[in-house]
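Single-structure report; data block below.
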Amino acid sequence: MEVANKSTEIRCQEMSKGGLAYEVILAEPIGVPVPRRADSPTEKTPSVEEIQEKLKAAEERRRSLEASKMAAIASKMAKIEEASRIRSEQTNNFISTTKEALDAKMENHEEKREAYINELRARLKDHLEGVEKTRLTLEQQTAEVYKAIEDKMATAADKRDENIKKMLERLREHEEQVRKVRAGNQERFQQLESAIQDKLQQAADRRLMLEAEQKEKLRNHNNKLAEVRSVITAKMEEITKDIETKLTAAEQNREKEMQKKLDFVKKEERRAELVRQNKSARAESETVGTAVPGAAAAAAASSG
């Protein structure tokens, strides 16, 4: 009994982005019946040797058919494995390229971040230098004010002592004159003494008032200096807090970007693994599907 096969059909379909699925369709074996010979009264019964030769020829044809089918299946499996290898190489190349691009982007981001931090540090350094210069200027001005106040107070003390000396000298002179005229001018002496006491009291009051005014000016200057220092300190704290906030935001954005890239690479790896599993499952199912027709053909050949 002879066995005929239709041509094998191979279909290729792109199932998803970056994945290919091959579908191998094998035709069902069709038995071609041998035409019956007309009965002849003179036909003789075949001998055992003839039957054995026919069985041997049928066995050889079956083996040849199985060998050709296995060769076709091996060729198709080789094509499928080659396609899988090419796809795996493409996937590896894509992963490698993506990783290199990500590394380059991260290096560029690191360089920009370092440049930004250096720029902020330079600006902060310039600001601190300006603050330091302002502080030194204020200290110098404060020292000059202190010195001027001390010089003024020293000058005022010298003038006060000189005035007191002059007044004492005049008082002695006056006392001398008073002693001369005290006998006949007691009332006038008392009036003069009262006037001198008033002048001395006024001089002392003026001295105390001058000292109080100088102390008040010095206290006001110290208050203004403390206010300037508090304003400078608050501004420095605000700038430092702003810089820390910006650095924290940049770090968070960098971590989010890295996580997105890593998720994308993992997703591509899972997709490639699913494609490889689908290919293996299809190849196994096709191997099992092609083995069943081969067994049926062998049974048909044996019965022939």
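Labels for the structure tokens follow display order: chains A, B, ..., residues from 1 in each chain, ligands from 1.
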
At a cut-off of 12 Å, using only C-alpha atoms, what residues contact segment 205-209 of chain A? Leave out same-chain residues fewer than 3 positions from it and give the result as a count of residues only. 18

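Checking A:Glu89, A:Lys79, A:Ser68, A:Leu124 one by one against Glu238 of chain A, counting only C-alpha atoms, you find the shortest gap at A:Leu124.
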
Using only C-alpha atoms, determine which residues lie at most 10 Å from segment 244-260 of chain A, disregarding the query and same-chain residues fewer than 4 positions distant; provide the list as a PDB file with N, CA and C atoms, in the first residue's frame.
ATOM      1  N   LEU A 102      21.579  53.961  29.516  1.00  0.00           N
ATOM      2  CA  LEU A 102      21.207  54.337  30.877  1.00  0.00           C
ATOM      3  C   LEU A 102      22.427  54.736  31.694  1.00  0.00           C
ATOM      4  N   ASP A 103      23.515  53.967  31.550  1.00  0.00           N
ATOM      5  CA  ASP A 103      24.747  54.316  32.273  1.00  0.00           C
ATOM      6  C   ASP A 103      25.268  55.690  31.836  1.00  0.00           C
ATOM      7  N   LYS A 105      23.519  58.118  30.540  1.00  0.00           N
ATOM      8  CA  LYS A 105      22.612  59.147  31.049  1.00  0.00           C
ATOM      9  C   LYS A 105      22.833  59.402  32.529  1.00  0.00           C
ATOM     10  N   MET A 106      23.062  58.319  33.295  1.00  0.00           N
ATOM     11  CA  MET A 106      23.310  58.480  34.719  1.00  0.00           C
ATOM     12  C   MET A 106      24.627  59.217  34.966  1.00  0.00           C
ATOM     13  N   HIS A 109      23.981  62.762  34.254  1.00  0.00           N
ATOM     14  CA  HIS A 109      23.203  63.347  35.351  1.00  0.00           C
ATOM     15  C   HIS A 109      24.093  63.603  36.571  1.00  0.00           C
ATOM     16  N   GLU A 110      24.983  62.667  36.857  1.00  0.00           N
ATOM     17  CA  GLU A 110      25.896  62.851  37.980  1.00  0.00           C
ATOM     18  C   GLU A 110      26.796  64.065  37.754  1.00  0.00           C
ATOM     19  N   ARG A 113      24.788  67.130  38.226  1.00  0.00           N
ATOM     20  CA  ARG A 113      24.493  67.324  39.649  1.00  0.00           C
ATOM     21  C   ARG A 113      25.719  67.863  40.379  1.00  0.00           C
ATOM     22  N   TYR A 116      26.144  71.448  39.467  1.00  0.00           N
ATOM     23  CA  TYR A 116      25.156  72.292  40.156  1.00  0.00           C
ATOM     24  C   TYR A 116      25.533  72.483  41.622  1.00  0.00           C
ATOM     25  N   ILE A 117      25.970  71.392  42.262  1.00  0.00           N
ATOM     26  CA  ILE A 117      26.361  71.496  43.674  1.00  0.00           C
ATOM     27  C   ILE A 117      27.581  72.404  43.821  1.00  0.00           C
ATOM     28  N   GLU A 238      18.038  80.447  55.984  1.00  0.00           N
ATOM     29  CA  GLU A 238      17.072  80.286  54.881  1.00  0.00           C
ATOM     30  C   GLU A 238      17.750  79.765  53.619  1.00  0.00           C
ATOM     31  N   ILE A 239      18.937  80.325  53.293  1.00  0.00           N
ATOM     32  CA  ILE A 239      19.669  79.872  52.091  1.00  0.00           C
ATOM     33  C   ILE A 239      20.093  78.415  52.250  1.00  0.00           C
ATOM     34  N   THR A 240      20.584  78.044  53.442  1.00  0.00           N
ATOM     35  CA  THR A 240      20.993  76.646  53.670  1.00  0.00           C
ATOM     36  C   THR A 240      19.814  75.692  53.543  1.00  0.00           C
ATOM     37  N   PHE A 264      11.684  49.067  33.257  1.00  0.00           N
ATOM     38  CA  PHE A 264      11.565  48.812  31.814  1.00  0.00           C
ATOM     39  C   PHE A 264      12.442  47.636  31.394  1.00  0.00           C
ATOM     40  N   VAL A 265      13.675  47.579  31.910  1.00  0.00           N
ATOM     41  CA  VAL A 265      14.576  46.469  31.555  1.00  0.00           C
ATOM     42  C   VAL A 265      14.019  45.145  32.068  1.00  0.00           C
ATOM     43  N   LYS A 266      13.487  45.131  33.315  1.00  0.00           N
ATOM     44  CA  LYS A 266      12.908  43.893  33.846  1.00  0.00           C
ATOM     45  C   LYS A 266      11.698  43.455  33.034  1.00  0.00           C
TER      46      LYS A 266
END

Go through A:Val275, A:Leu128, A:Leu218, A:Val228 one by one, measure the shortest atom-to-atom distance of each to Val145 of chain A using only C-alpha atoms, and give the residue with the smallest value.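 Closest residue, counting only C-alpha atoms: A:Leu218.
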
Quick check for you: according to DSSP on this backbone, which residues of segment 16-249 of chain A are classed as helix (DSSP H, G or I)? Reply as a ChimeraX atom specification. /A:48-181,186-249

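For the pair atom CA of Arg85 of chain A and atom CA of Ile73 of chain A, the separation is 18.0 Å.
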